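Enquirer: This is the structure I want to talk about, given as structure tokens.
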Amino acid sequence: MYGGSGADSIYDTALDLVFGGSGNDTVVGTAYNHADTVYGGSGNDTIESYEGLDTVYGGSGADFIYNTALDAVMEHASNLSVVPYSAGWSDLGGWDAVWQEQSPDAAGIVTSENVTAIKCTNTLLRSEHGDQHLVGLGLENIIAVAMPDAVLVADMSKAQEVKQVVTRLKTGGVHQAETFPKDHRPWGWFETLAIRGRFQVKRILVNPGASLSLQSHHHRSEHWIVVEGTAKVTINEAVKIVTEGQSVYIPLGAVHRMQNPGKMPMVLIEVQTGAYLGEDDIIRYEDQYARS
């Protein structure tokens, strides 16, 4: 709810309710496009790195961001303008608020797609994955949210206590409390489909006209298979077009980049192999979003 899978889910829900459709892309894209204006200098690094957060907010900047209300965060920006807002407002601070704002039916039931509710009352049922069908039978005053990597089931009256659950999961070293199934970036998003000791499989979506940074890795090689759209791929000095059904191999240490030159989203499956698969194993040489 406030971290890990639950945070990602309510974040998606809130943004889509506000902006309609792809709310994540609206907010993430805007944040990167205007980061330099708000924070000065390399604002994109500020948003993306813990070190940048520490610089702007002092001390443990990352903890400040994740544990502080948005209005307190924005107080640190000196060049913002505000206007009065008199319509209804909810900050969707809990799953009970999501239930309320999505207009429960006569039985008090709110459901997403891929959900079946049978003899339930005053219940929120959400499935956050197209291949996962959630069924509620005889439930009353229950919140049930099924994510690809975790499931939350809670009494509606305990919705505001979910943050305590996240704290307990973090203490127990449960990775779902701190990592999101889908990671949004200025160029699109990626999600991990499978991960083991020496390999990881990702699905990556690149928006039309967007580009990942020109980069290399010390510890992994990659294999890219395009499944939707067209990719423009750079590997060292070679540049080639890779279309649906085609693949390309990125050797360990090779300087590479993927771009979407088309007018439709491009989706590829990435298979990483190597001794270390962390997101911090990256050297950037060029980046249109000014990340280092």
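Scheme for the structure tokens: letters A, B, ... for chains in order shown; per-chain residue numbers from 1; ligand numbers from 1 in order shown.
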Segment 256-268 of chain A: which residues within 8 Å, counting only C-alpha atoms, same-chain residues fewer than 6 positions away excluded, as a ChimeraX atom specification?
Expert: /A:203-216,224-236,250
Enquirer: Any chance you could list, as a ChimeraX atom specification, the residues in segment 118-237 of chain A that come up strand (DSSP E or B) when DSSP is run on the backbone?
Expert: /A:118,121,123-127,134-137,140,142-146,151-155,182-185,188-195,199-206,211,214-216,220-228,230-235
Enquirer: Hey, what's within 7 Å of Met147 of chain A if we count only C-alpha atoms and toss same-chain stuff fewer than 4 positions away? As a ChimeraX atom specification, please?
Expert: /A:5,127-129,151
Enquirer: Among segment 37-241 of chain A, which ones does DSSP place in alpha helix (DSSP H), written as an mmCIF file with N, CA and C atoms, in the first residue's frame?
Expert:
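The new file result-v4.cif reads:
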```
data_model
loop_
_atom_site.group_PDB
_atom_site.id
_atom_site.type_symbol
_atom_site.label_atom_id
_atom_site.label_comp_id
_atom_site.auth_asym_id
_atom_site.auth_seq_id
_atom_site.Cartn_x
_atom_site.Cartn_y
_atom_site.Cartn_z
ATOM 1 N N THR A 37 13.934 22.603 -13.931
ATOM 2 C CA THR A 37 13.325 23.880 -13.562
ATOM 3 C C THR A 37 13.053 23.962 -12.072
ATOM 4 N N VAL A 38 12.530 22.864 -11.506
ATOM 5 C CA VAL A 38 12.162 22.861 -10.089
ATOM 6 C C VAL A 38 13.385 22.806 -9.193
ATOM 7 N N TYR A 39 14.342 21.931 -9.533
ATOM 8 C CA TYR A 39 15.453 21.679 -8.624
ATOM 9 C C TYR A 39 16.745 22.367 -9.026
ATOM 10 N N GLY A 43 18.308 18.173 -12.574
ATOM 11 C CA GLY A 43 17.140 17.785 -11.789
ATOM 12 C C GLY A 43 16.750 16.343 -11.975
ATOM 13 N N ASN A 44 17.014 15.774 -13.166
ATOM 14 C CA ASN A 44 16.667 14.378 -13.382
ATOM 15 C C ASN A 44 17.450 13.469 -12.445
ATOM 16 N N ASP A 45 18.731 13.795 -12.248
ATOM 17 C CA ASP A 45 19.515 13.011 -11.301
ATOM 18 C C ASP A 45 18.937 13.144 -9.904
ATOM 19 N N THR A 46 18.461 14.334 -9.570
ATOM 20 C CA THR A 46 17.849 14.558 -8.260
ATOM 21 C C THR A 46 16.682 13.610 -8.050
ATOM 22 N N ILE A 47 15.819 13.506 -9.053
ATOM 23 C CA ILE A 47 14.643 12.652 -8.921
ATOM 24 C C ILE A 47 15.038 11.192 -8.858
ATOM 25 N N GLU A 48 16.024 10.780 -9.681
ATOM 26 C CA GLU A 48 16.283 9.358 -9.845
ATOM 27 C C GLU A 48 17.239 8.782 -8.802
ATOM 28 N N TYR A 50 19.268 8.508 -4.980
ATOM 29 C CA TYR A 50 19.201 8.786 -3.558
ATOM 30 C C TYR A 50 20.129 9.949 -3.198
ATOM 31 N N GLU A 51 21.299 10.003 -3.875
ATOM 32 C CA GLU A 51 22.242 11.069 -3.564
ATOM 33 C C GLU A 51 21.627 12.424 -3.883
ATOM 34 N N GLY A 52 20.920 12.519 -5.012
ATOM 35 C CA GLY A 52 20.281 13.775 -5.369
ATOM 36 C C GLY A 52 19.228 14.181 -4.375
ATOM 37 N N LEU A 53 18.454 13.219 -3.871
ATOM 38 C CA LEU A 53 17.437 13.520 -2.875
ATOM 39 C C LEU A 53 18.079 14.039 -1.600
ATOM 40 N N ASP A 54 19.198 13.439 -1.226
ATOM 41 C CA ASP A 54 19.890 13.891 -0.020
ATOM 42 C C ASP A 54 20.358 15.338 -0.186
ATOM 43 N N THR A 55 20.822 15.673 -1.395
ATOM 44 C CA THR A 55 21.312 17.030 -1.639
ATOM 45 C C THR A 55 20.205 18.062 -1.490
ATOM 46 N N VAL A 56 19.031 17.766 -2.051
ATOM 47 C CA VAL A 56 17.921 18.724 -2.021
ATOM 48 C C VAL A 56 17.297 18.826 -0.649
ATOM 49 N N TYR A 57 17.069 17.684 -0.005
ATOM 50 C CA TYR A 57 16.289 17.685 1.229
ATOM 51 C C TYR A 57 17.126 17.541 2.493
ATOM 52 N N GLY A 61 17.534 11.925 2.250
ATOM 53 C CA GLY A 61 16.517 12.479 1.376
ATOM 54 C C GLY A 61 15.526 11.457 0.885
ATOM 55 N N ALA A 62 16.018 10.242 0.584
ATOM 56 C CA ALA A 62 15.114 9.206 0.098
ATOM 57 C C ALA A 62 14.062 8.861 1.146
ATOM 58 N N ASP A 63 14.491 8.712 2.394
ATOM 59 C CA ASP A 63 13.527 8.426 3.461
ATOM 60 C C ASP A 63 12.537 9.569 3.618
ATOM 61 N N PHE A 64 13.015 10.798 3.459
ATOM 62 C CA PHE A 64 12.133 11.959 3.585
ATOM 63 C C PHE A 64 11.026 11.898 2.531
ATOM 64 N N ILE A 65 11.418 11.599 1.283
ATOM 65 C CA ILE A 65 10.449 11.537 0.195
ATOM 66 C C ILE A 65 9.413 10.454 0.451
ATOM 67 N N TYR A 66 9.868 9.261 0.812
ATOM 68 C CA TYR A 66 8.963 8.119 0.916
ATOM 69 C C TYR A 66 8.075 8.178 2.150
ATOM 70 N N ASN A 67 8.433 8.964 3.144
ATOM 71 C CA ASN A 67 7.695 8.949 4.399
ATOM 72 C C ASN A 67 7.046 10.287 4.737
ATOM 73 N N LEU A 70 3.090 14.817 0.325
ATOM 74 C CA LEU A 70 3.542 15.539 -0.860
ATOM 75 C C LEU A 70 3.644 17.039 -0.620
ATOM 76 N N ASP A 71 2.709 17.604 0.128
ATOM 77 C CA ASP A 71 2.765 19.059 0.342
ATOM 78 C C ASP A 71 4.033 19.446 1.094
ATOM 79 N N ALA A 72 4.483 18.608 2.038
ATOM 80 C CA ALA A 72 5.723 18.900 2.763
ATOM 81 C C ALA A 72 6.936 18.785 1.850
ATOM 82 N N VAL A 73 6.873 17.868 0.880
ATOM 83 C CA VAL A 73 7.965 17.742 -0.083
ATOM 84 C C VAL A 73 8.053 18.996 -0.951
ATOM 85 N N MET A 74 6.910 19.452 -1.452
ATOM 86 C CA MET A 74 6.896 20.585 -2.373
ATOM 87 C C MET A 74 7.249 21.903 -1.694
ATOM 88 N N TRP A 95 -6.734 2.167 0.894
ATOM 89 C CA TRP A 95 -7.595 1.394 -0.009
ATOM 90 C C TRP A 95 -9.068 1.648 0.274
ATOM 91 N N ASP A 96 -9.415 2.038 1.496
ATOM 92 C CA ASP A 96 -10.808 2.387 1.782
ATOM 93 C C ASP A 96 -11.219 3.623 0.999
ATOM 94 N N ALA A 97 -10.272 4.573 0.795
ATOM 95 C CA ALA A 97 -10.565 5.759 -0.003
ATOM 96 C C ALA A 97 -10.749 5.399 -1.472
ATOM 97 N N VAL A 98 -9.937 4.464 -1.971
ATOM 98 C CA VAL A 98 -10.101 3.991 -3.354
ATOM 99 C C VAL A 98 -11.482 3.363 -3.518
ATOM 100 N N TRP A 99 -11.884 2.544 -2.544
ATOM 101 C CA TRP A 99 -13.214 1.921 -2.570
ATOM 102 C C TRP A 99 -14.303 2.990 -2.622
ATOM 103 N N GLN A 100 -14.185 4.026 -1.800
ATOM 104 C CA GLN A 100 -15.195 5.065 -1.735
ATOM 105 C C GLN A 100 -15.282 5.852 -3.036
ATOM 106 N N GLU A 101 -14.117 6.215 -3.612
ATOM 107 C CA GLU A 101 -14.095 7.062 -4.796
ATOM 108 C C GLU A 101 -14.527 6.333 -6.059
ATOM 109 N N VAL A 162 -2.119 -0.481 7.001
ATOM 110 C CA VAL A 162 -1.311 -1.239 6.050
ATOM 111 C C VAL A 162 0.161 -0.823 6.104
ATOM 112 N N LYS A 163 0.407 0.440 6.431
ATOM 113 C CA LYS A 163 1.797 0.902 6.525
ATOM 114 C C LYS A 163 2.568 0.096 7.568
ATOM 115 N N GLN A 164 1.887 -0.322 8.626
ATOM 116 C CA GLN A 164 2.542 -1.153 9.643
ATOM 117 C C GLN A 164 2.941 -2.512 9.064
ATOM 118 N N VAL A 165 2.116 -3.010 8.155
ATOM 119 C CA VAL A 165 2.437 -4.281 7.499
ATOM 120 C C VAL A 165 3.711 -4.147 6.677
ATOM 121 N N VAL A 166 3.806 -3.032 5.929
ATOM 122 C CA VAL A 166 4.994 -2.811 5.101
ATOM 123 C C VAL A 166 6.242 -2.734 5.973
ATOM 124 N N THR A 167 6.135 -2.027 7.101
ATOM 125 C CA THR A 167 7.273 -1.925 8.027
ATOM 126 C C THR A 167 7.705 -3.303 8.505
ATOM 127 N N ARG A 168 6.734 -4.143 8.825
ATOM 128 C CA ARG A 168 7.060 -5.492 9.301
ATOM 129 C C ARG A 168 7.709 -6.323 8.197
ATOM 130 N N LEU A 169 7.216 -6.180 6.973
ATOM 131 C CA LEU A 169 7.803 -6.920 5.858
ATOM 132 C C LEU A 169 9.234 -6.473 5.603
ATOM 133 N N LYS A 170 9.474 -5.148 5.685
ATOM 134 C CA LYS A 170 10.840 -4.650 5.510
ATOM 135 C C LYS A 170 11.769 -5.218 6.576
ATOM 136 N N THR A 171 11.281 -5.240 7.813
ATOM 137 C CA THR A 171 12.093 -5.788 8.907
ATOM 138 C C THR A 171 12.436 -7.243 8.662
#
```
Enquirer: Could you please determine the separation between atom CA of Val248 of chain A and atom CA of Ile269 of chain A in Å, to one decimal place?
Expert: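 It comes out at 10.8 Å.
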